[in-house]
$ cat entry.pdb   # PDB, C-alpha atoms
MODEL        1
ATOM      1  CA  MET A   1     -67.607 120.461-101.657
ATOM      2  CA  LYS A   2     -66.335 119.014-104.897
ATOM      3  CA  VAL A   3     -68.198 115.736-105.433
ATOM      4  CA  LEU A   4     -67.671 113.107-108.122
ATOM      5  CA  ILE A   5     -70.875 111.215-108.987
ATOM      6  CA  THR A   6     -71.065 108.258-111.337
ATOM      7  CA  GLY A   7     -74.329 107.637-113.184
ATOM      8  CA  THR A   8     -75.333 111.295-113.575
ATOM      9  CA  ALA A   9     -77.441 110.585-116.668
ATOM     10  CA  GLY A  10     -79.276 107.995-114.583
ATOM     11  CA  PHE A  11     -82.410 108.289-112.481
ATOM     12  CA  ILE A  12     -80.907 108.763-109.022
ATOM     13  CA  GLY A  13     -77.611 110.282-110.161
ATOM     14  CA  SER A  14     -79.220 113.105-112.110
ATOM     15  CA  ALA A  15     -81.592 114.006-109.248
ATOM     16  CA  LEU A  16     -78.708 113.950-106.789
ATOM     17  CA  ALA A  17     -76.506 116.137-108.994
ATOM     18  CA  LEU A  18     -79.283 118.710-109.200
ATOM     19  CA  ARG A  19     -79.670 118.866-105.419
ATOM     20  CA  LEU A  20     -75.936 119.187-104.770
ATOM     21  CA  LEU A  21     -75.593 121.928-107.385
ATOM     22  CA  GLU A  22     -78.552 123.772-105.876
ATOM     23  CA  ARG A  23     -76.832 123.892-102.494
ATOM     24  CA  GLY A  24     -73.583 125.190-103.997
ATOM     25  CA  ASP A  25     -71.431 122.102-104.448
ATOM     26  CA  THR A  26     -69.252 121.456-107.497
ATOM     27  CA  VAL A  27     -70.149 118.209-109.275
ATOM     28  CA  ILE A  28     -68.101 116.076-111.657
ATOM     29  CA  GLY A  29     -70.496 113.669-113.361
ATOM     30  CA  ILE A  30     -69.592 110.397-115.035
ATOM     31  CA  ASP A  31     -71.852 108.291-117.261
ATOM     32  CA  ASN A  32     -71.249 105.984-120.209
ATOM     33  CA  HIS A  33     -74.718 106.611-121.747
ATOM     34  CA  ASN A  34     -75.180 102.947-122.632
ATOM     35  CA  THR A  35     -78.247 101.625-124.446
ATOM     36  CA  TYR A  36     -79.645  99.408-121.668
ATOM     37  CA  TYR A  37     -82.710 101.651-121.997
ATOM     38  CA  ASP A  38     -83.679 104.693-124.100
ATOM     39  CA  PRO A  39     -80.598 106.968-124.362
ATOM     40  CA  ALA A  40     -82.879 109.934-125.145
ATOM     41  CA  LEU A  41     -84.257 109.809-121.601
ATOM     42  CA  LYS A  42     -80.710 109.882-120.231
ATOM     43  CA  GLU A  43     -79.891 112.907-122.379
ATOM     44  CA  ALA A  44     -83.059 114.669-121.211
ATOM     45  CA  ARG A  45     -82.176 114.048-117.547
ATOM     46  CA  LEU A  46     -78.665 115.312-118.107
ATOM     47  CA  ALA A  47     -79.921 118.442-119.877
ATOM     48  CA  ARG A  48     -81.439 119.619-116.576
ATOM     49  CA  HIS A  49     -77.983 120.306-115.124
ATOM     50  CA  ALA A  50     -75.433 119.891-117.939
ATOM     51  CA  ASN A  51     -74.981 123.650-118.417
ATOM     52  CA  HIS A  52     -74.686 124.566-114.757
ATOM     53  CA  PRO A  53     -71.412 126.491-114.196
ATOM     54  CA  ASN A  54     -70.370 124.133-111.381
ATOM     55  CA  TYR A  55     -71.028 120.939-113.348
ATOM     56  CA  THR A  56     -68.588 118.969-115.496
ATOM     57  CA  HIS A  57     -69.734 115.896-117.435
ATOM     58  CA  LEU A  58     -67.465 113.033-118.504
ATOM     59  CA  ARG A  59     -68.774 110.419-120.943
ATOM     60  CA  ILE A  60     -66.663 107.491-119.833
ATOM     61  CA  ASP A  61     -67.224 103.921-118.681
ATOM     62  CA  LEU A  62     -66.442 102.609-115.191
ATOM     63  CA  ALA A  63     -64.722  99.659-116.831
ATOM     64  CA  ASP A  64     -62.202 102.042-118.478
ATOM     65  CA  ARG A  65     -59.523 102.010-115.791
ATOM     66  CA  GLN A  66     -57.346 104.754-117.259
ATOM     67  CA  ALA A  67     -60.264 107.104-117.880
ATOM     68  CA  ILE A  68     -61.475 106.721-114.294
ATOM     69  CA  PHE A  69     -57.953 107.209-112.961
ATOM     70  CA  ASP A  70     -57.576 110.380-115.053
ATOM     71  CA  ALA A  71     -60.950 111.726-113.853
ATOM     72  CA  PHE A  72     -59.919 111.451-110.201
ATOM     73  CA  LYS A  73     -56.408 112.809-110.804
ATOM     74  CA  THR A  74     -57.599 115.783-112.873
ATOM     75  CA  HIS A  75     -60.579 116.873-110.791
ATOM     76  CA  GLN A  76     -59.450 115.852-107.275
ATOM     77  CA  PRO A  77     -62.920 115.402-105.747
ATOM     78  CA  GLN A  78     -63.239 115.564-101.979
ATOM     79  CA  ARG A  79     -66.013 112.987-101.927
ATOM     80  CA  ALA A  80     -67.412 110.433-104.340
ATOM     81  CA  ILE A  81     -70.782 108.770-104.908
ATOM     82  CA  ASN A  82     -70.929 105.627-107.053
ATOM     83  CA  LEU A  83     -74.403 105.118-108.514
ATOM     84  CA  ALA A  84     -73.431 103.823-111.964
ATOM     85  CA  ALA A  85     -74.034 100.108-112.405
ATOM     86  CA  GLN A  86     -75.561  97.576-114.707
ATOM     87  CA  ALA A  87     -79.026  97.418-113.165
ATOM     88  CA  GLY A  88     -81.867  94.928-113.301
ATOM     89  CA  VAL A  89     -82.407  91.531-111.703
ATOM     90  CA  ARG A  90     -84.010  89.872-114.721
ATOM     91  CA  TYR A  91     -81.456  91.235-117.198
ATOM     92  CA  SER A  92     -78.684  89.652-115.105
ATOM     93  CA  ILE A  93     -80.071  86.170-115.750
ATOM     94  CA  ASP A  94     -79.391  86.400-119.494
ATOM     95  CA  ASN A  95     -76.453  88.848-119.451
ATOM     96  CA  PRO A  96     -74.344  87.991-116.385
ATOM     97  CA  LEU A  97     -70.969  89.160-117.676
ATOM     98  CA  SER A  98     -72.126  92.761-118.100
ATOM     99  CA  TYR A  99     -72.510  92.857-114.306
ATOM    100  CA  ILE A 100     -68.953  91.661-113.793
ATOM    101  CA  TYR A 101     -67.520  94.405-116.017
ATOM    102  CA  SER A 102     -69.599  97.301-114.667
ATOM    103  CA  ASN A 103     -70.408  96.347-111.098
ATOM    104  CA  ILE A 104     -67.247  94.503-110.066
ATOM    105  CA  ALA A 105     -64.363  95.773-112.231
ATOM    106  CA  GLY A 106     -65.906  99.241-112.499
ATOM    107  CA  PHE A 107     -66.352  99.540-108.748
ATOM    108  CA  ALA A 108     -62.744  98.441-108.211
ATOM    109  CA  HIS A 109     -61.641 101.349-110.410
ATOM    110  CA  ILE A 110     -63.687 103.766-108.269
ATOM    111  CA  LEU A 111     -62.117 102.377-105.094
ATOM    112  CA  GLU A 112     -58.649 102.800-106.574
ATOM    113  CA  GLY A 113     -59.461 106.368-107.627
ATOM    114  CA  CYS A 114     -60.536 107.165-104.075
ATOM    115  CA  ARG A 115     -57.523 105.440-102.547
ATOM    116  CA  HIS A 116     -54.925 107.251-104.644
ATOM    117  CA  ASN A 117     -56.507 110.707-104.496
ATOM    118  CA  ALA A 118     -57.253 111.185-100.793
ATOM    119  CA  VAL A 119     -61.046 111.077-101.188
ATOM    120  CA  GLU A 120     -62.621 111.793 -97.793
ATOM    121  CA  HIS A 121     -65.703 109.588 -98.172
ATOM    122  CA  LEU A 122     -67.097 107.156-100.734
ATOM    123  CA  VAL A 123     -70.850 106.562-100.746
ATOM    124  CA  TYR A 124     -72.040 103.803-103.082
ATOM    125  CA  ALA A 125     -75.283 102.188-104.181
ATOM    126  CA  SER A 126     -76.010  98.740-102.885
ATOM    127  CA  SER A 127     -79.459  97.169-103.161
ATOM    128  CA  SER A 128     -82.256  95.498-101.237
ATOM    129  CA  SER A 129     -81.591  92.559-103.576
ATOM    130  CA  VAL A 130     -78.664  91.526-101.358
ATOM    131  CA  TYR A 131     -81.161  90.089 -98.861
ATOM    132  CA  GLY A 132     -81.870  87.315-101.365
ATOM    133  CA  ALA A 133     -83.296  84.225 -99.691
ATOM    134  CA  ASN A 134     -83.730  85.989 -96.321
ATOM    135  CA  THR A 135     -87.332  85.907 -95.132
ATOM    136  CA  THR A 136     -87.017  87.655 -91.753
ATOM    137  CA  MET A 137     -88.905  90.941 -91.988
ATOM    138  CA  PRO A 138     -88.121  93.778 -91.873
ATOM    139  CA  PHE A 139     -84.721  93.384 -93.533
ATOM    140  CA  SER A 140     -81.963  94.648 -91.250
ATOM    141  CA  VAL A 141     -78.352  95.516 -92.063
ATOM    142  CA  HIS A 142     -77.489  93.439 -89.016
ATOM    143  CA  HIS A 143     -78.820  90.295 -90.731
ATOM    144  CA  ASN A 144     -76.598  87.907 -92.676
ATOM    145  CA  VAL A 145     -76.879  88.386 -96.470
ATOM    146  CA  ASP A 146     -74.941  85.482 -97.942
ATOM    147  CA  HIS A 147     -77.641  83.948-100.159
ATOM    148  CA  PRO A 148     -78.241  86.193-103.213
ATOM    149  CA  LEU A 149     -80.785  85.031-105.803
ATOM    150  CA  SER A 150     -79.306  86.799-108.846
ATOM    151  CA  LEU A 151     -75.891  87.841-110.099
ATOM    152  CA  TYR A 152     -77.030  91.452-109.799
ATOM    153  CA  ALA A 153     -77.568  90.897-106.063
ATOM    154  CA  ALA A 154     -74.252  89.071-105.780
ATOM    155  CA  SER A 155     -72.449  91.973-107.477
ATOM    156  CA  LYS A 156     -73.921  94.437-104.961
ATOM    157  CA  LYS A 157     -72.913  92.240-102.038
ATOM    158  CA  ALA A 158     -69.447  92.034-103.595
ATOM    159  CA  ASN A 159     -69.304  95.845-103.659
ATOM    160  CA  GLU A 160     -69.920  95.926 -99.916
ATOM    161  CA  LEU A 161     -67.123  93.410 -99.316
ATOM    162  CA  MET A 162     -64.703  95.222-101.624
ATOM    163  CA  ALA A 163     -65.440  98.524 -99.891
ATOM    164  CA  HIS A 164     -64.773  96.894 -96.519
ATOM    165  CA  ALA A 165     -61.353  95.707 -97.655
ATOM    166  CA  TYR A 166     -60.418  99.236 -98.758
ATOM    167  CA  SER A 167     -61.773 100.764 -95.565
ATOM    168  CA  HIS A 168     -59.716  98.306 -93.536
ATOM    169  CA  LEU A 169     -56.488  98.443 -95.546
ATOM    170  CA  TYR A 170     -56.384 102.114 -96.546
ATOM    171  CA  ASN A 171     -58.569 103.777 -93.900
ATOM    172  CA  LEU A 172     -60.936 104.938 -96.651
ATOM    173  CA  PRO A 173     -64.357 105.827 -95.180
ATOM    174  CA  THR A 174     -67.037 104.025 -97.216
ATOM    175  CA  THR A 175     -70.809 103.868 -96.806
ATOM    176  CA  GLY A 176     -73.081 101.515 -98.742
ATOM    177  CA  LEU A 177     -76.771 102.321 -99.175
ATOM    178  CA  ARG A 178     -79.164  99.467 -99.865
ATOM    179  CA  PHE A 179     -81.841 101.129-102.003
ATOM    180  CA  PHE A 180     -85.405  99.814-101.825
ATOM    181  CA  THR A 181     -87.436 100.119-105.086
ATOM    182  CA  VAL A 182     -86.865 103.753-105.999
ATOM    183  CA  TYR A 183     -89.565 105.391-108.141
ATOM    184  CA  GLY A 184     -90.694 108.822-109.291
ATOM    185  CA  PRO A 185     -90.428 111.311-112.192
ATOM    186  CA  TRP A 186     -87.532 110.691-114.606
ATOM    187  CA  GLY A 187     -87.440 107.038-113.489
ATOM    188  CA  ARG A 188     -86.157 103.973-115.316
ATOM    189  CA  PRO A 189     -88.241 102.496-118.174
ATOM    190  CA  ASP A 190     -87.348  98.950-117.091
ATOM    191  CA  MET A 191     -89.095  99.434-113.729
ATOM    192  CA  ALA A 192     -92.673  98.281-113.101
ATOM    193  CA  LEU A 193     -94.217 101.736-112.688
ATOM    194  CA  PHE A 194     -92.925 102.892-116.075
ATOM    195  CA  LYS A 195     -94.047  99.695-117.814
ATOM    196  CA  PHE A 196     -97.467  99.755-116.154
ATOM    197  CA  THR A 197     -98.074 103.385-117.106
ATOM    198  CA  LYS A 198     -97.088 102.874-120.721
ATOM    199  CA  ALA A 199     -99.332  99.807-121.087
ATOM    200  CA  ILE A 200    -102.354 101.295-119.292
ATOM    201  CA  LEU A 201    -102.291 104.466-121.396
ATOM    202  CA  ALA A 202    -102.017 102.333-124.542
ATOM    203  CA  GLY A 203    -104.955 100.162-123.460
ATOM    204  CA  GLU A 204    -102.726  97.092-123.222
ATOM    205  CA  PRO A 205    -102.671  94.485-120.414
ATOM    206  CA  ILE A 206    -100.018  94.769-117.718
ATOM    207  CA  GLN A 207     -97.926  91.805-116.573
ATOM    208  CA  VAL A 208     -98.407  91.291-112.836
ATOM    209  CA  PHE A 209     -95.896  88.791-111.515
ATOM    210  CA  ASN A 210     -96.368  86.543-108.477
ATOM    211  CA  HIS A 211    -100.103  86.980-109.134
ATOM    212  CA  GLY A 212     -99.895  90.426-107.581
ATOM    213  CA  LYS A 213     -98.823  89.108-104.176
ATOM    214  CA  HIS A 214     -95.562  91.056-104.126
ATOM    215  CA  ARG A 215     -94.952  93.590-101.394
ATOM    216  CA  ARG A 216     -92.384  96.274-102.129
ATOM    217  CA  ASP A 217     -90.912  99.053-100.010
ATOM    218  CA  PHE A 218     -91.469 101.693-102.696
ATOM    219  CA  THR A 219     -89.314 104.766-101.977
ATOM    220  CA  TYR A 220     -89.819 108.117-103.694
ATOM    221  CA  ILE A 221     -86.819 109.691-105.433
ATOM    222  CA  ASP A 222     -86.769 112.893-103.328
ATOM    223  CA  ASP A 223     -86.647 110.851-100.123
ATOM    224  CA  ILE A 224     -83.755 108.815-101.512
ATOM    225  CA  VAL A 225     -81.776 111.917-102.498
ATOM    226  CA  GLU A 226     -82.288 113.458 -99.061
ATOM    227  CA  GLY A 227     -80.916 110.332 -97.404
ATOM    228  CA  VAL A 228     -77.895 110.099 -99.706
ATOM    229  CA  ILE A 229     -76.922 113.717 -99.013
ATOM    230  CA  ARG A 230     -77.210 113.294 -95.254
ATOM    231  CA  VAL A 231     -74.935 110.265 -95.392
ATOM    232  CA  LEU A 232     -72.479 111.931 -97.784
ATOM    233  CA  ASP A 233     -71.972 114.816 -95.366
ATOM    234  CA  THR A 234     -70.938 112.481 -92.522
ATOM    235  CA  PRO A 235     -68.065 110.107 -93.394
ATOM    236  CA  ALA A 236     -68.283 106.586 -92.007
ATOM    237  CA  THR A 237     -66.487 105.871 -88.736
ATOM    238  CA  PRO A 238     -65.451 102.632 -87.019
ATOM    239  CA  ASN A 239     -67.781 100.986 -84.525
ATOM    240  CA  PRO A 240     -65.713 100.893 -81.280
ATOM    241  CA  ALA A 241     -67.874  98.068 -79.923
ATOM    242  CA  TRP A 242     -67.317  95.790 -82.930
ATOM    243  CA  GLN A 243     -65.899  92.367 -82.041
ATOM    244  CA  GLY A 244     -64.578  89.619 -84.261
ATOM    245  CA  THR A 245     -65.996  87.004 -81.905
ATOM    246  CA  ALA A 246     -69.542  88.208 -82.650
ATOM    247  CA  PRO A 247     -69.213  90.202 -85.885
ATOM    248  CA  ASP A 248     -71.972  92.693 -86.677
ATOM    249  CA  PRO A 249     -72.656  92.532 -90.471
ATOM    250  CA  GLY A 250     -73.738  96.195 -90.601
ATOM    251  CA  THR A 251     -70.707  97.856 -88.991
ATOM    252  CA  SER A 252     -66.967  97.275 -88.602
ATOM    253  CA  SER A 253     -63.818  98.132 -86.745
ATOM    254  CA  ALA A 254     -62.905  99.898 -90.008
ATOM    255  CA  PRO A 255     -64.558 103.167 -91.198
ATOM    256  CA  TRP A 256     -67.208 101.178 -93.083
ATOM    257  CA  ARG A 257     -70.988 101.181 -92.786
ATOM    258  CA  VAL A 258     -74.029  99.930 -94.678
ATOM    259  CA  TYR A 259     -77.567 101.260 -94.294
ATOM    260  CA  ASN A 260     -81.001 100.433 -95.642
ATOM    261  CA  ILE A 261     -82.628 103.403 -97.325
ATOM    262  CA  GLY A 262     -86.325 102.826 -97.907
ATOM    263  CA  ASN A 263     -89.810 103.946 -97.042
ATOM    264  CA  SER A 264     -90.136 101.245 -94.355
ATOM    265  CA  GLN A 265     -93.815 100.819 -95.283
ATOM    266  CA  PRO A 266     -94.239  97.920 -97.729
ATOM    267  CA  VAL A 267     -97.127  98.196-100.173
ATOM    268  CA  GLU A 268     -98.994  95.363-101.887
ATOM    269  CA  LEU A 269     -98.360  95.412-105.630
ATOM    270  CA  MET A 270    -102.114  95.490-106.287
ATOM    271  CA  ASP A 271    -102.428  98.602-104.094
ATOM    272  CA  TYR A 272     -99.568 100.215-106.018
ATOM    273  CA  ILE A 273    -101.379  99.482-109.270
ATOM    274  CA  ALA A 274    -104.605 100.869-107.800
ATOM    275  CA  ALA A 275    -102.829 104.132-106.969
ATOM    276  CA  LEU A 276    -101.616 104.317-110.570
ATOM    277  CA  GLU A 277    -105.103 103.639-111.925
ATOM    278  CA  ILE A 278    -106.415 106.557-109.865
ATOM    279  CA  ALA A 279    -103.586 108.822-111.048
ATOM    280  CA  LEU A 280    -104.202 107.943-114.695
ATOM    281  CA  GLY A 281    -107.991 107.783-114.488
ATOM    282  CA  LYS A 282    -107.949 104.383-116.223
ATOM    283  CA  THR A 283    -108.398 100.776-115.103
ATOM    284  CA  ALA A 284    -105.654  98.293-115.932
ATOM    285  CA  GLU A 285    -106.241  94.933-117.578
ATOM    286  CA  LYS A 286    -104.103  92.591-115.502
ATOM    287  CA  LEU A 287    -102.315  89.482-116.758
ATOM    288  CA  LEU A 288    -101.427  87.496-113.621
ATOM    289  CA  LEU A 289     -98.169  85.562-113.900
ATOM    290  CA  PRO A 290     -95.966  83.453-111.553
ATOM    291  CA  LEU A 291     -92.931  84.718-109.632
ATOM    292  CA  GLN A 292     -90.009  85.465-111.944
ATOM    293  CA  PRO A 293     -86.576  83.841-111.469
ATOM    294  CA  GLY A 294     -84.328  85.998-109.282
ATOM    295  CA  ASP A 295     -87.216  87.956-107.751
ATOM    296  CA  VAL A 296     -88.091  87.944-104.060
ATOM    297  CA  PRO A 297     -91.744  88.057-102.909
ATOM    298  CA  ASP A 298     -91.363  90.910-100.412
ATOM    299  CA  THR A 299     -89.029  93.734 -99.414
ATOM    300  CA  TYR A 300     -89.290  95.716 -96.191
ATOM    301  CA  ALA A 301     -86.521  98.018 -94.963
ATOM    302  CA  ASP A 302     -85.566  98.408 -91.334
ATOM    303  CA  VAL A 303     -84.193 101.965 -91.438
ATOM    304  CA  THR A 304     -83.638 102.292 -87.685
ATOM    305  CA  ASP A 305     -79.913 103.003 -88.008
ATOM    306  CA  LEU A 306     -80.399 105.646 -90.701
ATOM    307  CA  ALA A 307     -83.209 107.292 -88.731
ATOM    308  CA  GLU A 308     -81.274 107.357 -85.459
ATOM    309  CA  GLN A 309     -77.929 108.469 -86.858
ATOM    310  CA  PHE A 310     -79.087 110.825 -89.645
ATOM    311  CA  HIS A 311     -82.676 111.683 -88.625
ATOM    312  CA  TYR A 312     -83.862 110.154 -91.892
ATOM    313  CA  GLN A 313     -87.633 110.156 -92.345
ATOM    314  CA  PRO A 314     -89.235 109.562 -95.771
ATOM    315  CA  ALA A 315     -92.028 112.072 -96.326
ATOM    316  CA  THR A 316     -93.755 110.987 -99.565
ATOM    317  CA  THR A 317     -96.717 108.602 -99.607
ATOM    318  CA  VAL A 318     -97.112 106.145-102.468
ATOM    319  CA  ALA A 319    -100.329 107.904-103.568
ATOM    320  CA  GLU A 320     -98.482 111.241-103.783
ATOM    321  CA  GLY A 321     -95.419 109.787-105.465
ATOM    322  CA  VAL A 322     -97.362 107.835-108.080
ATOM    323  CA  GLN A 323     -99.481 110.907-108.853
ATOM    324  CA  ARG A 324     -96.342 112.989-109.452
ATOM    325  CA  PHE A 325     -94.868 110.286-111.675
ATOM    326  CA  ALA A 326     -98.045 109.995-113.754
ATOM    327  CA  ALA A 327     -98.168 113.763-114.274
ATOM    328  CA  TRP A 328     -94.495 113.841-115.289
ATOM    329  CA  TYR A 329     -94.924 110.879-117.662
ATOM    330  CA  ARG A 330     -97.778 112.526-119.529
ATOM    331  CA  ASP A 331     -95.936 115.845-119.779
ATOM    332  CA  TYR A 332     -92.648 114.280-120.867
ATOM    333  CA  TYR A 333     -94.045 112.014-123.576
ATOM    334  CA  THR A 334     -96.471 114.650-124.843
ATOM    335  CA  ALA A 335     -93.555 117.067-125.267
ATOM    336  CA  ALA A 336     -91.476 114.356-126.938
ATOM    337  CA  LYS A 337     -94.013 113.796-129.725
TER     338      LYS A 337
ENDMDL
END
$ encode --input "entry.pdb" --output "C-alpha cells"
Amino acid sequence: MKVLITGTAGFIGSALALRLLERGDTVIGIDNHNTYYDPALKEARLARHANHPNYTHLRIDLADRQAIFDAFKTHQPQRAINLAAQAGVRYSIDNPLSYIYSNIAGFAHILEGCRHNAVEHLVYASSSSVYGANTTMPFSVHHNVDHPLSLYAASKKANELMAHAYSHLYNLPTTGLRFFTVYGPWGRPDMALFKFTKAILAGEPIQVFNHGKHRRDFTYIDDIVEGVIRVLDTPATPNPAWQGTAPDPGTSSAPWRVYNIGNSQPVELMDYIAALEIALGKTAEKLLLPLQPGDVPDTYADVTDLAEQFHYQPATTVAEGVQRFAAWYRDYYTAAK
C-alpha cells in the first residue's frame, strides 16, 4: 500500500514507518520538526528510514492547509495515519492555543485531504486522556467521555467527533486509537521514563507526582505498532446494531470506530521506577509531590474489542520494556557525546 503518516520524526510515527517499509509498503512521511523537545532526537529517528527507496519525507506543518492539500493531491495515498499532534497534558495548561492549531485545525486539514483524495481508511491517534474524570475501571470505549481534564484531552475527544462527522457525511472510514502511556527506545524526552532515567544517571532526585500512587497502563512501542498496523489493514465498518435510542459511544451507524490500545495491565508508578532502578543498577532519590493539574490518578485499558476483532495481544512486560529502553538510552547518549 501507499500510506501517508504524519509525525514520522516522532516516537510512534518513526517506528511505524519502519515497520511498514519493512513489509514492502510505500510511506509518505510528514513532520514539522518543531522544538517542543530536542530536534536532534527527531532527526536521529528519521535517519533510520529517511533514505529508504520507498520513503518520502515532507517537512510541513499540519496547520498549513495548502501544504497538506498538496501532499495528498501529489502522492495520492491509499490510507492515512495521523499521529502528529501537540502532545503533553501539562504543556497544554500553559500553552492551550498550540493545541487548537495542531490538534484541531491540523486534523481538519487531514480529514479534508482524505475526503478529496479517495483515501480508503484514516487511522488517527486519540488518547487515554479522553477518559478525564471517569473513574470506572477498566476504561472502555463504550463509556461516556464528556469530562476531559485538560485541553489536550479535549482536543483528542474533538478529533473523534470530527472524524465521526466525516465518516457520516462522506462515508470515509475512520478509526481512532486511544493510546495508553506508550514507552520504549527512541521515546519522548517529556515522558516520565526519559526524565527518570536522565535524573537517576546524573545522581539527581526524580519528581514523583501523586506521591507515587499513580497507576498507568504502560504499553511498549512494538506492541503499539503491531496494533496500529492490524487496524490500518481493516477499514472501519458501520455497526448494524447501532441505535440512536441507545447510542453506543464506541461504534456508529457510520464507518467509524474507536479502540483502546494498551497493555491492559496497570502498573504502580513505584513498581515502574523499581524496574528502572534494576535496569540502570542505581537507586533513585525520590521527591514525592502532589497530583499535577490535568493528570488522572489511574489509567487501565479495556482492550476487549481490539483483542476480539484484531486478535491484539501485547507481548512485552514492563520489566522487559524498561530494560530495552535503558540499554537504548545509554547507547544513544554515549554515541551522541
$ residues_around --input "entry.pdb" --residues "Ile104 (chain A)" --least-positions-apart "2" --cutoff "9 Å" --atoms "only C-alpha atoms" --output "list in words"
Ala63, Tyr99, Ile100, Tyr101, Ser102, Gly106, Phe107, Ala108, His109, Ser155, Lys156, Ala158, Asn159 and Met162 of chain A
$ resolve_selection --input "entry.pdb" --expression "the PyMOL selection byres ((chain A and resi 207) around 7)" --output "ChimeraX atom specification"
/A:205-206,208-209,286-289
$ resolve_selection --input "entry.pdb" --expression "the PyMOL selection byres ((chain A and resi 225) around 12)" --output "VMD selection string"
chain A and resid 11 to 20 81 83 125 177 179 182 to 184 219 to 224 226 to 232 261 to 262 312 to 315
$ closest_residue --input "entry.pdb" --among "A:Arg59, A:His142, A:Arg45, A:Arg65" --to "Asp302 (chain A)" --atoms "only C-alpha atoms"
A:His142
$ resolve_selection --input "entry.pdb" --expression "the PyMOL selection byres ((chain A and resi 121) around 8)" --output "list in words"
Gln78, Arg79, Ala80, Val119, Glu120, Leu122, Val123, Leu172, Pro173, Thr174, Thr175, Leu232, Pro235 and Ala236 of chain A
$ closest_atom_pairs --input "entry.pdb" --of "region 98-196 of chain A" --to "region 26-38 of chain A" --cutoff "10 Å" --atoms "only C-alpha atoms" --output "tab-separated table"
residue	atom	partner	partner_atom	distance
A:Arg188	CA	A:Tyr37	CA	7.9
A:Pro189	CA	A:Tyr37	CA	6.8
A:Asp190	CA	A:Tyr37	CA	7.3
$ residues_near_point --input "entry.pdb" --point "(-96.3, 105.0, -102.7)" --cutoff "8 Å" --atoms "all atoms listed in the file" --output "list in words"
Phe218, Thr219, Tyr220, Val267, Tyr272, Ala275, Thr316, Thr317, Val318, Ala319, Glu320, Gly321 and Val322 of chain A
$ closest_residue --input "entry.pdb" --among "A:Ala202, A:Leu21, A:Met270, A:Ala85" --to "Ile110 (chain A)" --atoms "all atoms listed in the file"
A:Ala85
$ closest_residue --input "entry.pdb" --among "A:Ala326, A:Ala307, A:Val296, A:Val145" --to "Ala279 (chain A)" --atoms "all atoms listed in the file"
A:Ala326
$ atom_distance --input "entry.pdb" --atom1 "CA of Asp295 (chain A)" --atom2 "CA of Glu160 (chain A)"
20.6 Å
$ atom_distance --input "entry.pdb" --atom1 "CA of Pro148 (chain A)" --atom2 "CA of Gln265 (chain A)"
22.8 Å
$ atom_distance --input "entry.pdb" --atom1 "CA of Phe139 (chain A)" --atom2 "CA of Thr237 (chain A)"
22.6 Å
$ residues_around --input "entry.pdb" --residues "Glu277 (chain A)" --least-positions-apart "6" --cutoff "9 Å" --atoms "only C-alpha atoms" --output "PDB file with C-alpha atoms, in the frame of the given file"
ATOM      1  CA  THR A 197     -98.074 103.385-117.106  1.00  0.00           C
ATOM      2  CA  ILE A 200    -102.354 101.295-119.292  1.00  0.00           C
ATOM      3  CA  THR A 283    -108.398 100.776-115.103  1.00  0.00           C
ATOM      4  CA  ALA A 284    -105.654  98.293-115.932  1.00  0.00           C
TER       5      ALA A 284
END
$ closest_residue --input "entry.pdb" --among "A:Pro238, A:Gly212, A:Gly244, A:Pro249" --to "Ala274 (chain A)" --atoms "all atoms listed in the file"
A:Gly212
$ closest_residue --input "entry.pdb" --among "A:Gln86, A:Asn51, A:Ser129, A:Asn117" --to "Asn103 (chain A)" --atoms "all atoms listed in the file"
A:Gln86
$ residues_around --input "entry.pdb" --residues "Met191 (chain A)" --least-positions-apart "5" --cutoff "9 Å" --atoms "all atoms listed in the file" --output "VMD selection string"
chain A and resid 88 181 183 196
$ write_last_selection --input "entry.pdb" --atoms "C-alpha atoms" --output "PDB file, keeping the file's coordinate frame"
ATOM      1  CA  GLY A  88     -81.867  94.928-113.301  1.00  0.00           C
ATOM      2  CA  THR A 181     -87.436 100.119-105.086  1.00  0.00           C
ATOM      3  CA  TYR A 183     -89.565 105.391-108.141  1.00  0.00           C
ATOM      4  CA  PHE A 196     -97.467  99.755-116.154  1.00  0.00           C
TER       5      PHE A 196
END
$ closest_residue --input "entry.pdb" --among "A:Val3, A:Pro185, A:Arg90, A:Lys42" --to "Cys114 (chain A)" --atoms "only C-alpha atoms"
A:Val3
$ residues_around --input "entry.pdb" --residues "Leu149 (chain A)" --least-positions-apart "3" --cutoff "10 Å" --atoms "all atoms listed in the file" --output "list in words"
Val89, Ser129, Val130, Tyr131, Gly132, Ala133, Asn134, Asp146, Tyr152, Ala153, Ala154, Pro293, Gly294, Asp295 and Val296 of chain A
$ write_last_selection --input "entry.pdb" --atoms "C-alpha atoms" --output "JSON list (two decimals), in the frame of the given file"
[["chain", "number", "residue", "atom", "x", "y", "z"],
["A", 89, "VAL", "CA", -82.41, 91.53, -111.70],
["A", 129, "SER", "CA", -81.59, 92.56, -103.58],
["A", 130, "VAL", "CA", -78.66, 91.53, -101.36],
["A", 131, "TYR", "CA", -81.16, 90.09, -98.86],
["A", 132, "GLY", "CA", -81.87, 87.32, -101.36],
["A", 133, "ALA", "CA", -83.30, 84.22, -99.69],
["A", 134, "ASN", "CA", -83.73, 85.99, -96.32],
["A", 146, "ASP", "CA", -74.94, 85.48, -97.94],
["A", 152, "TYR", "CA", -77.03, 91.45, -109.80],
["A", 153, "ALA", "CA", -77.57, 90.90, -106.06],
["A", 154, "ALA", "CA", -74.25, 89.07, -105.78],
["A", 293, "PRO", "CA", -86.58, 83.84, -111.47],
["A", 294, "GLY", "CA", -84.33, 86.00, -109.28],
["A", 295, "ASP", "CA", -87.22, 87.96, -107.75],
["A", 296, "VAL", "CA", -88.09, 87.94, -104.06]]
